[in-house]
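Raw contents of data17.pdb, PDB, C-alpha atoms (C1' of nucleotides):
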```
ATOM      1  CA  MET A   4      21.292 -10.485   8.210
ATOM      2  CA  THR A   5      21.116 -14.171   8.023
ATOM      3  CA  LYS A   6      24.353 -14.602   9.887
ATOM      4  CA  ALA A   7      26.939 -11.927  10.252
ATOM      5  CA  LYS A   8      30.428 -13.162   9.631
ATOM      6  CA  HIS A   9      31.294 -12.221  13.132
ATOM      7  CA  SER A  10      28.058 -11.993  14.908
ATOM      8  CA  ARG A  11      28.396  -8.883  16.910
ATOM      9  CA  PHE A  12      27.576  -5.288  16.278
ATOM     10  CA  ASP A  13      29.728  -3.152  18.468
ATOM     11  CA  CYS A  14      28.534  -0.066  16.665
ATOM     12  CA  SER A  15      31.967   1.290  16.270
ATOM     13  CA  PRO A  16      32.358   3.544  13.247
ATOM     14  CA  GLY A  17      33.316   0.651  11.045
ATOM     15  CA  CYS A  18      30.406  -1.422  12.143
ATOM     16  CA  ALA A  19      27.857  -0.139   9.666
ATOM     17  CA  VAL A  20      30.333  -0.495   6.852
ATOM     18  CA  GLU A  21      31.301  -4.028   7.687
ATOM     19  CA  ALA A  22      27.791  -5.205   8.423
ATOM     20  CA  THR A  23      26.557  -3.876   5.126
ATOM     21  CA  VAL A  24      29.414  -5.544   3.297
ATOM     22  CA  SER A  25      28.499  -8.808   4.930
ATOM     23  CA  LEU A  26      24.990  -8.513   3.488
ATOM     24  CA  ILE A  27      26.225  -8.295  -0.056
ATOM     25  CA  GLY A  28      29.484 -10.159   0.345
ATOM     26  CA  GLY A  29      28.226 -13.631  -0.418
ATOM     27  CA  LYS A  30      30.058 -14.823  -3.478
ATOM     28  CA  TRP A  31      27.199 -14.317  -5.872
ATOM     29  CA  LYS A  32      25.030 -11.904  -3.969
ATOM     30  CA  SER A  33      26.336  -8.726  -5.469
ATOM     31  CA  ILE A  34      25.857 -10.076  -8.975
ATOM     32  CA  ILE A  35      22.342 -11.234  -8.185
ATOM     33  CA  LEU A  36      21.475  -7.839  -6.775
ATOM     34  CA  TRP A  37      23.043  -6.165  -9.775
ATOM     35  CA  HIS A  38      20.979  -8.146 -12.240
ATOM     36  CA  LEU A  39      17.765  -7.571 -10.319
ATOM     37  CA  HIS A  40      18.608  -3.887 -10.370
ATOM     38  CA  ALA A  41      19.556  -3.796 -14.033
ATOM     39  CA  ASP A  42      16.851  -6.072 -15.424
ATOM     40  CA  GLY A  43      14.075  -5.765 -12.882
ATOM     41  CA  THR A  44      12.027  -8.758 -11.879
ATOM     42  CA  LEU A  45      13.601 -12.020 -12.932
ATOM     43  CA  ARG A  46      12.726 -15.682 -12.663
ATOM     44  CA  PHE A  47      15.059 -18.242 -11.159
ATOM     45  CA  SER A  48      15.921 -19.660 -14.562
ATOM     46  CA  GLU A  49      16.545 -16.192 -15.954
ATOM     47  CA  LEU A  50      18.977 -15.487 -13.137
ATOM     48  CA  ARG A  51      20.736 -18.730 -13.798
ATOM     49  CA  ARG A  52      21.129 -17.844 -17.450
ATOM     50  CA  ARG A  53      22.654 -14.529 -16.507
ATOM     51  CA  ILE A  54      24.966 -16.083 -13.932
ATOM     52  CA  PRO A  55      25.831 -19.431 -15.464
ATOM     53  CA  ASN A  56      28.680 -20.410 -13.189
ATOM     54  CA  VAL A  57      26.762 -20.603  -9.973
ATOM     55  CA  THR A  58      25.330 -23.993  -9.063
ATOM     56  CA  GLN A  59      21.589 -24.393  -8.578
ATOM     57  CA  ARG A  60      22.078 -25.161  -4.919
ATOM     58  CA  THR A  61      24.143 -22.057  -4.328
ATOM     59  CA  MET A  62      21.798 -19.819  -6.289
ATOM     60  CA  THR A  63      18.920 -21.027  -4.169
ATOM     61  CA  ASN A  64      20.894 -20.525  -0.966
ATOM     62  CA  GLN A  65      21.972 -17.020  -1.741
ATOM     63  CA  LEU A  66      18.524 -15.998  -2.927
ATOM     64  CA  ARG A  67      17.046 -17.377   0.277
ATOM     65  CA  GLU A  68      19.534 -15.439   2.354
ATOM     66  CA  LEU A  69      18.843 -12.250   0.426
ATOM     67  CA  GLU A  70      15.148 -12.834   0.967
ATOM     68  CA  GLN A  71      15.673 -13.468   4.669
ATOM     69  CA  ASP A  72      17.637 -10.239   4.932
ATOM     70  CA  GLY A  73      14.733  -8.421   3.351
ATOM     71  CA  LEU A  74      16.652  -7.351   0.270
ATOM     72  CA  VAL A  75      14.858  -9.501  -2.285
ATOM     73  CA  HIS A  76      11.195 -10.372  -2.753
ATOM     74  CA  ARG A  77      10.216 -13.847  -3.844
ATOM     75  CA  LYS A  78       6.852 -14.334  -5.515
ATOM     76  CA  VAL A  79       5.637 -17.862  -6.153
ATOM     77  CA  TYR A  80       2.961 -18.446  -8.773
ATOM     78  CA  PRO A  81       0.740 -21.425  -7.894
ATOM     79  CA  GLN A  82       1.210 -23.324 -11.084
ATOM     80  CA  VAL A  83       2.976 -26.246 -12.707
ATOM     81  CA  PRO A  84       5.615 -26.163 -13.864
ATOM     82  CA  PRO A  85       6.565 -23.777 -11.058
ATOM     83  CA  LYS A  86       7.124 -20.109 -11.702
ATOM     84  CA  VAL A  87       8.949 -17.937  -9.210
ATOM     85  CA  GLU A  88       9.846 -14.298  -9.630
ATOM     86  CA  TYR A  89      12.551 -12.438  -7.741
ATOM     87  CA  SER A  90      12.769  -8.687  -7.410
ATOM     88  CA  LEU A  91      14.440  -6.107  -5.210
ATOM     89  CA  THR A  92      12.510  -4.919  -2.189
ATOM     90  CA  GLU A  93      12.456  -1.272  -1.214
ATOM     91  CA  LEU A  94      15.240  -2.049   1.260
ATOM     92  CA  GLY A  95      17.130  -3.774  -1.513
ATOM     93  CA  ARG A  96      16.710  -0.816  -3.828
ATOM     94  CA  GLY A  97      18.454   1.196  -1.152
ATOM     95  CA  LEU A  98      21.570  -0.755  -2.047
ATOM     96  CA  VAL A  99      21.540   0.488  -5.619
ATOM     97  CA  PRO A 100      23.795   3.484  -4.926
ATOM     98  CA  ILE A 101      26.296   1.040  -3.464
ATOM     99  CA  LEU A 102      26.043  -1.284  -6.448
ATOM    100  CA  GLU A 103      26.452   1.657  -8.807
ATOM    101  CA  ALA A 104      29.482   2.911  -6.889
ATOM    102  CA  LEU A 105      30.996  -0.564  -6.931
ATOM    103  CA  LYS A 106      30.494  -0.825 -10.663
ATOM    104  CA  HIS A 107      31.811   2.659 -11.256
ATOM    105  CA  TRP A 108      34.993   1.912  -9.325
ATOM    106  CA  GLY A 109      35.343  -1.472 -10.942
ATOM    107  CA  ASP A 110      34.895  -0.132 -14.440
ATOM    108  CA  ALA A 111      37.495   2.517 -13.798
ATOM    109  CA  ASN A 112      40.030   0.280 -12.114
ATOM    110  CA  LEU A 113      39.560  -3.362 -12.973
ATOM    111  CA  ASP A 114      42.064  -3.236 -15.753
ATOM    112  CA  ARG A 115      44.687  -3.009 -13.036
ATOM    113  CA  PHE A 116      43.794  -6.499 -11.918
ATOM    114  CA  GLY A 117      43.525  -9.919 -13.469
ATOM    115  CA  LYS A 118      42.998  -8.454 -16.916
ATOM    116  CA  PRO A 119      45.633  -8.827 -19.578
ATOM    117  CA  SER A 120      47.779  -5.991 -18.514
ATOM    118  CA  SER A 121      50.006  -8.846 -17.515
ATOM    119  CA  THR A 122      51.625 -10.559 -20.465
ATOM    120  CA  ALA A 123      51.210 -13.845 -18.689
ATOM    121  CA  ASP A 124      47.520 -13.312 -18.767
ATOM    122  CA  GLN A 125      47.612 -12.470 -22.411
ATOM    123  CA  THR A 126      48.723 -15.947 -23.243
ATOM    124  CA  THR A 127      46.074 -17.616 -21.167
ATOM    125  CA  GLU A 128      42.633 -18.690 -22.291
TER     126      GLU A 128
ATOM    127  CA  MET B   7      43.409  -8.559  -6.611
ATOM    128  CA  THR B   8      45.302 -11.025  -4.579
ATOM    129  CA  LYS B   9      42.985 -13.808  -5.549
ATOM    130  CA  ALA B  10      39.499 -13.338  -6.872
ATOM    131  CA  LYS B  11      36.967 -15.514  -5.180
ATOM    132  CA  HIS B  12      36.184 -17.050  -8.495
ATOM    133  CA  SER B  13      39.117 -16.318 -10.626
ATOM    134  CA  ARG B  14      37.620 -15.231 -13.857
ATOM    135  CA  PHE B  15      36.476 -11.891 -15.166
ATOM    136  CA  ASP B  16      33.896 -12.509 -17.803
ATOM    137  CA  CYS B  17      33.127  -8.823 -18.015
ATOM    138  CA  SER B  18      29.474  -9.368 -17.783
ATOM    139  CA  PRO B  19      27.649  -6.443 -16.262
ATOM    140  CA  GLY B  20      27.961  -7.877 -12.788
ATOM    141  CA  CYS B  21      31.624  -8.468 -13.142
ATOM    142  CA  ALA B  22      32.838  -5.061 -12.054
ATOM    143  CA  VAL B  23      30.489  -5.109  -9.110
ATOM    144  CA  GLU B  24      31.507  -8.526  -7.907
ATOM    145  CA  ALA B  25      35.205  -8.028  -8.458
ATOM    146  CA  THR B  26      35.145  -4.812  -6.485
ATOM    147  CA  VAL B  27      33.232  -6.482  -3.667
ATOM    148  CA  SER B  28      35.845  -9.206  -3.554
ATOM    149  CA  LEU B  29      38.527  -6.578  -2.969
ATOM    150  CA  ILE B  30      36.863  -5.272   0.139
ATOM    151  CA  GLY B  31      35.121  -8.454   1.193
ATOM    152  CA  GLY B  32      37.789  -9.869   3.464
ATOM    153  CA  LYS B  33      36.307 -10.064   6.924
ATOM    154  CA  TRP B  34      38.151  -7.048   8.293
ATOM    155  CA  LYS B  35      39.108  -5.256   5.120
ATOM    156  CA  SER B  36      36.209  -2.889   4.976
ATOM    157  CA  ILE B  37      36.767  -1.845   8.570
ATOM    158  CA  ILE B  38      40.471  -1.348   7.970
ATOM    159  CA  LEU B  39      39.754   0.783   4.930
ATOM    160  CA  TRP B  40      37.159   2.730   6.866
ATOM    161  CA  HIS B  41      39.544   3.583   9.664
ATOM    162  CA  LEU B  42      42.301   4.567   7.272
ATOM    163  CA  HIS B  43      39.766   6.811   5.570
ATOM    164  CA  ALA B  44      38.378   8.253   8.796
ATOM    165  CA  ASP B  45      41.620   8.676  10.714
ATOM    166  CA  GLY B  46      44.218   8.953   7.995
ATOM    167  CA  THR B  47      47.595   7.342   8.367
ATOM    168  CA  LEU B  48      47.688   4.779  11.140
ATOM    169  CA  ARG B  49      50.277   2.480  12.630
ATOM    170  CA  PHE B  50      49.725  -1.235  12.973
ATOM    171  CA  SER B  51      49.162  -0.957  16.720
ATOM    172  CA  GLU B  52      46.733   1.932  16.232
ATOM    173  CA  LEU B  53      44.712  -0.194  13.842
ATOM    174  CA  ARG B  54      44.697  -3.007  16.314
ATOM    175  CA  ARG B  55      43.402  -0.725  19.022
ATOM    176  CA  ARG B  56      40.603   0.395  16.760
ATOM    177  CA  ILE B  57      39.757  -3.148  15.686
ATOM    178  CA  PRO B  58      40.425  -5.167  18.808
ATOM    179  CA  ASN B  59      38.798  -8.406  17.789
ATOM    180  CA  VAL B  60      41.038  -9.244  14.878
ATOM    181  CA  THR B  61      44.077 -11.390  15.613
ATOM    182  CA  GLN B  62      47.551 -10.055  14.862
ATOM    183  CA  ARG B  63      48.021 -12.701  12.213
ATOM    184  CA  THR B  64      44.795 -11.841  10.421
ATOM    185  CA  MET B  65      45.429  -8.106  10.599
ATOM    186  CA  THR B  66      48.803  -8.633   8.980
ATOM    187  CA  ASN B  67      47.311 -10.855   6.292
ATOM    188  CA  GLN B  68      44.565  -8.493   5.342
ATOM    189  CA  LEU B  69      46.856  -5.480   5.324
ATOM    190  CA  ARG B  70      49.271  -7.358   3.073
ATOM    191  CA  GLU B  71      46.475  -8.253   0.694
ATOM    192  CA  LEU B  72      45.224  -4.676   0.629
ATOM    193  CA  GLU B  73      48.780  -3.549  -0.078
ATOM    194  CA  GLN B  74      49.143  -6.130  -2.845
ATOM    195  CA  ASP B  75      45.913  -4.921  -4.391
ATOM    196  CA  GLY B  76      47.299  -1.409  -4.381
ATOM    197  CA  LEU B  77      44.670  -0.040  -2.008
ATOM    198  CA  VAL B  78      46.920   0.590   0.971
ATOM    199  CA  HIS B  79      50.403   2.007   1.282
ATOM    200  CA  ARG B  80      52.808   0.580   3.830
ATOM    201  CA  LYS B  81      55.703   2.728   5.010
ATOM    202  CA  VAL B  82      58.385   1.152   7.155
ATOM    203  CA  TYR B  83      60.603   3.361   9.266
ATOM    204  CA  PRO B  84      64.099   1.872   9.723
ATOM    205  CA  GLN B  85      64.157   1.939  13.461
ATOM    206  CA  VAL B  86      63.841  -0.175  16.556
ATOM    207  CA  PRO B  87      61.376  -0.857  17.869
ATOM    208  CA  PRO B  88      59.795  -1.059  14.406
ATOM    209  CA  LYS B  89      57.427   1.629  13.197
ATOM    210  CA  VAL B  90      55.146   0.988  10.246
ATOM    211  CA  GLU B  91      52.503   3.349   8.912
ATOM    212  CA  TYR B  92      49.547   2.379   6.768
ATOM    213  CA  SER B  93      47.561   4.763   4.624
ATOM    214  CA  LEU B  94      45.179   4.675   1.714
ATOM    215  CA  THR B  95      46.686   4.950  -1.736
ATOM    216  CA  GLU B  96      45.091   7.088  -4.404
ATOM    217  CA  LEU B  97      43.441   3.950  -5.728
ATOM    218  CA  GLY B  98      42.270   3.155  -2.233
ATOM    219  CA  ARG B  99      40.855   6.639  -1.788
ATOM    220  CA  GLY B 100      38.741   5.892  -4.850
ATOM    221  CA  LEU B 101      36.889   3.405  -2.657
ATOM    222  CA  VAL B 102      35.798   6.112  -0.248
ATOM    223  CA  PRO B 103      32.477   6.801  -2.012
ATOM    224  CA  ILE B 104      31.738   3.103  -1.663
ATOM    225  CA  LEU B 105      32.661   3.061   2.016
ATOM    226  CA  GLU B 106      30.537   6.156   2.621
ATOM    227  CA  ALA B 107      27.589   4.610   0.770
ATOM    228  CA  LEU B 108      27.982   1.415   2.781
ATOM    229  CA  LYS B 109      28.023   3.341   6.024
ATOM    230  CA  HIS B 110      25.112   5.471   4.972
ATOM    231  CA  TRP B 111      23.008   2.453   4.148
ATOM    232  CA  GLY B 112      24.110   0.640   7.280
ATOM    233  CA  ASP B 113      23.345   3.570   9.542
ATOM    234  CA  ALA B 114      19.901   3.875   8.034
ATOM    235  CA  ASN B 115      19.044   0.189   8.079
ATOM    236  CA  LEU B 116      21.123  -1.752  10.541
ATOM    237  CA  ASP B 117      18.527  -1.529  13.250
ATOM    238  CA  ARG B 118      16.531  -4.001  11.203
ATOM    239  CA  PHE B 119      19.150  -6.651  11.792
ATOM    240  CA  GLY B 120      20.883  -8.338  14.639
ATOM    241  CA  LYS B 121      19.500  -5.955  17.179
ATOM    242  CA  PRO B 122      16.359  -7.050  18.938
ATOM    243  CA  SER B 123      14.343  -4.153  17.705
ATOM    244  CA  SER B 124      12.284  -6.307  15.376
ATOM    245  CA  THR B 125       9.219  -7.865  16.988
ATOM    246  CA  ALA B 126       9.629 -10.819  14.706
ATOM    247  CA  ASP B 127      13.041 -11.337  16.165
ATOM    248  CA  GLN B 128      11.649 -11.117  19.623
ATOM    249  CA  THR B 129       9.503 -14.135  19.026
ATOM    250  CA  THR B 130      12.153 -16.189  17.350
ATOM    251  CA  GLU B 131      15.084 -17.986  18.847
TER     252      GLU B 131
ATOM    253  C1'  DG C   7      66.473  -7.283  35.603
ATOM    254  C1'  DC C   8      61.863  -7.485  34.175
ATOM    255  C1'  DA C   9      57.622  -6.102  31.867
ATOM    256  C1'  DC C  10      55.902  -3.951  28.058
ATOM    257  C1'  DA C  11      55.311  -2.284  23.255
ATOM    258  C1'  DT C  12      56.402  -2.726  18.528
ATOM    259  C1'  DA C  13      55.139  -5.439  14.203
ATOM    260  C1'  DG C  14      55.244  -9.046  13.003
ATOM    261  C1'  DT C  15      56.158 -14.855  11.733
ATOM    262  C1'  DA C  16      55.030 -19.762  12.122
ATOM    263  C1'  DT C  17      52.060 -23.559  12.627
ATOM    264  C1'  DC C  18      48.089 -25.925  13.296
ATOM    265  C1'  DA C  19      43.045 -25.977  14.023
ATOM    266  C1'  DA C  20      38.403 -24.585  13.381
ATOM    267  C1'  DT C  21      34.842 -22.716  10.885
ATOM    268  C1'  DA C  22      32.474 -21.098   6.993
ATOM    269  C1'  DA C  23      31.339 -20.969   2.358
ATOM    270  C1'  DG C  24      30.609 -22.850  -1.838
ATOM    271  C1'  DG C  25      30.793 -26.857  -5.200
ATOM    272  C1'  DA C  26      29.561 -31.465  -7.117
ATOM    273  C1'  DT C  27      26.260 -34.683  -7.922
ATOM    274  C1'  DA C  28      21.966 -36.996  -7.839
ATOM    275  C1'  DC C  29      17.254 -36.710  -7.382
ATOM    276  C1'  DC C  30      12.220 -34.861  -7.495
ATOM    277  C1'  DA C  31       6.989 -34.077  -9.788
ATOM    278  C1'  DC C  32       4.673 -32.246 -13.317
ATOM    279  C1'  DG C  33       3.503 -30.052 -17.904
ATOM    280  C1'  DT C  34       4.916 -29.522 -22.615
ATOM    281  C1'  DG C  35       6.503 -30.671 -27.101
ATOM    282  C1'  DA C  36       8.215 -33.886 -30.425
TER     283       DA C  36
ATOM    284  C1'  DT D   9       6.870 -42.428 -24.600
ATOM    285  C1'  DC D  10      10.709 -39.638 -23.878
ATOM    286  C1'  DA D  11      13.431 -35.456 -23.263
ATOM    287  C1'  DC D  12      13.370 -31.138 -21.435
ATOM    288  C1'  DG D  13      12.398 -27.149 -18.397
ATOM    289  C1'  DT D  14      10.842 -25.464 -14.083
ATOM    290  C1'  DG D  15      12.594 -24.565  -9.279
ATOM    291  C1'  DG D  16      14.092 -26.592  -6.354
ATOM    292  C1'  DT D  17      16.081 -30.422  -2.180
ATOM    293  C1'  DA D  18      19.560 -33.565  -0.189
ATOM    294  C1'  DT D  19      24.039 -35.028   0.908
ATOM    295  C1'  DC D  20      28.685 -35.079   0.983
ATOM    296  C1'  DC D  21      33.046 -33.003  -0.288
ATOM    297  C1'  DT D  22      36.418 -29.422  -1.125
ATOM    298  C1'  DT D  23      38.354 -25.153  -0.563
ATOM    299  C1'  DA D  24      39.020 -20.905   1.542
ATOM    300  C1'  DT D  25      39.187 -18.035   5.308
ATOM    301  C1'  DT D  26      39.948 -16.921   9.787
ATOM    302  C1'  DG D  27      41.292 -18.031  14.549
ATOM    303  C1'  DA D  28      44.348 -19.715  18.346
ATOM    304  C1'  DT D  29      48.640 -19.964  20.184
ATOM    305  C1'  DA D  30      53.476 -19.509  20.699
ATOM    306  C1'  DC D  31      57.390 -17.165  19.480
ATOM    307  C1'  DT D  32      60.786 -13.245  17.874
ATOM    308  C1'  DA D  33      64.548  -8.996  18.686
ATOM    309  C1'  DT D  34      65.116  -4.674  20.401
ATOM    310  C1'  DG D  35      64.460  -0.303  23.109
ATOM    311  C1'  DT D  36      62.262   1.853  26.983
ATOM    312  C1'  DG D  37      60.679   2.572  31.569
ATOM    313  C1'  DC D  38      60.378   1.189  36.217
TER     314       DC D  38
END
```
Please express what this file holds, its structure, as structure tokens.
Amino acid sequence: MTKAKHSRFDCSPGCAVEATVSLIGGKWKSIILWHLHADGTLRFSELRRRIPNVTQRTMTNQLRELEQDGLVHRKVYPQVPPKVEYSLTELGRGLVPILEALKHWGDANLDRFGKPSSTADQTTE
Amino acid sequence: MTKAKHSRFDCSPGCAVEATVSLIGGKWKSIILWHLHADGTLRFSELRRRIPNVTQRTMTNQLRELEQDGLVHRKVYPQVPPKVEYSLTELGRGLVPILEALKHWGDANLDRFGKPSSTADQTTE
DNA sequence: GCACATAGTATCAATAAGGATACCACGTGA
DNA sequence: TCACGTGGTATCCTTATTGATACTATGTGC
């Protein structure tokens, strides 16, 4: 892990849970991992098209951290203009059950949050 | 959700994943949820004993957010000294497969991180 | 009478994370 | 020749999150 939020593993029962969450808890990391899972190998520009709201700087940062944690593979083609491909590593593919569970729960329950179940939300953009 | 990290649900495929992560992504939230799952109903002081490094203020904050998100139930007994019990709601219990998957992955892979088991780590700072 | 436990609240500070903006070298297409 | 795309880097700023510390009212036990 690039840097655990609180850098200590006391190996209490919650430890594994919390450490794993910290790997995927970066603001955009779970979405990046999701897209690499759903669409396979993607280039930087393809990721940016799929996740338009993240800045270039942040996308680069989070991809680098995911790479450093061994979850994502970065392949650079020696050409100009540059071509870089990102894909899940075997370790990263191990996170797929988690991503699927997260999506399953979210799909089933997200309408309880922020979605226009609230009339106030219905009037917003 | 008390406040989504980036407050928009565009309902792209990653949306459900990322929104769910943001519910459990508070620094101590996943550990709190884990202990409420593992040990059932717990009092505030019991949680603090299980998670000694969190400050009282932060524990209160995160529990309040989990309650506001409907994941945790807070029961106050009208007595002195005060007695408050926290437990997972039905919605919160729906997160258990996620917590189990997180723990499973962490147990299988955490030795790659933060612990000096990696030779690469041994040579680095 | 005092220390302790309970479950907090209040306030300010510190740290971390992410955003905004400008810039880069080169090939390609118009 | 210029605009654009590629995949970034650099720097500073803003925001969010968490931590540190002090304090609270009451009952209980010593």
Exercise for the section: To verify the selection step, state as a list of chain:residue names which residues the PyMOL selection byres ((chain A) within 12 of (chain C)) yields on this input. Expected result: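 Written out, the selection comes to A:Lys6, A:Ala7, A:Lys8, A:His9, A:Gly28, A:Gly29, A:Lys30, A:Trp31, A:Asn56, A:Val57, A:Thr58, A:Gln59, A:Arg60, A:Thr61, A:Met62, A:Asn64, A:Gln65, A:Gln82, A:Val83, A:Pro84, A:Pro85.
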Problem - For CA of Glu93 in chain A and CA of Val79 in chain A, the interatomic separation in Å (one decimal) - result: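 For CA of Glu93 in chain A relative to CA of Val79 in chain A, the distance reads 18.6 Å.
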Practice task
Could you check how far CA of Pro81 in chain A sits from CA of Ile27 in chain A, in Å to one decimal?
Solution key: 29.7 Å
Practice task
Lay chain A over chain B with a least-squares fit on all the C-alpha atoms, paired in sequence, and tell me the RMSD.
Solution key: 2.3 Å
Problem - d(CA of Leu94 in chain B, CA of Asn115 in chain B) in Å - result: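 Between these atoms lies a distance of 27.3 Å.
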Practice task
Up to 6 Å from chain A, what residues of chain B turn up? Count all atoms listed in the file and give them as a ChimeraX atom specification.
Solution key: /B:7,20,22-24,26,31,36-37,104,107-109,112-113,119
Using all atoms listed in the file, which chain A residues lie at most 8 Å away from chain D, written as a PDB file with C-alpha atoms, in the coordinates of the input?
```pdb
ATOM      1  CA  PHE A  47      15.059 -18.242 -11.159  1.00  0.00           C
ATOM      2  CA  SER A  48      15.921 -19.660 -14.562  1.00  0.00           C
ATOM      3  CA  THR A  63      18.920 -21.027  -4.169  1.00  0.00           C
ATOM      4  CA  PRO A  84       5.615 -26.163 -13.864  1.00  0.00           C
ATOM      5  CA  PRO A  85       6.565 -23.777 -11.058  1.00  0.00           C
ATOM      6  CA  LYS A  86       7.124 -20.109 -11.702  1.00  0.00           C
ATOM      7  CA  VAL A  87       8.949 -17.937  -9.210  1.00  0.00           C
TER       8      VAL A  87
END
```
Handout entry: Exercise: residues within 12 Å of coordinate (54.4, 4.8, 5.2), counting all atoms listed in the file, as a PyMOL selection string
Key = chain B and resi 46-50+73+78-84+89-95
With 3 Å of padding per side, what axis-aligned box (centre and edge lengths, Å, one decimal) covers all the listed atoms of range 56-63 of chain B? Give it as AutoDock Vina command-line options.
```
--center_x 43.4 --center_y -6.2 --center_z 15.5 --size_x 15.2 --size_y 19.1 --size_z 12.6
```
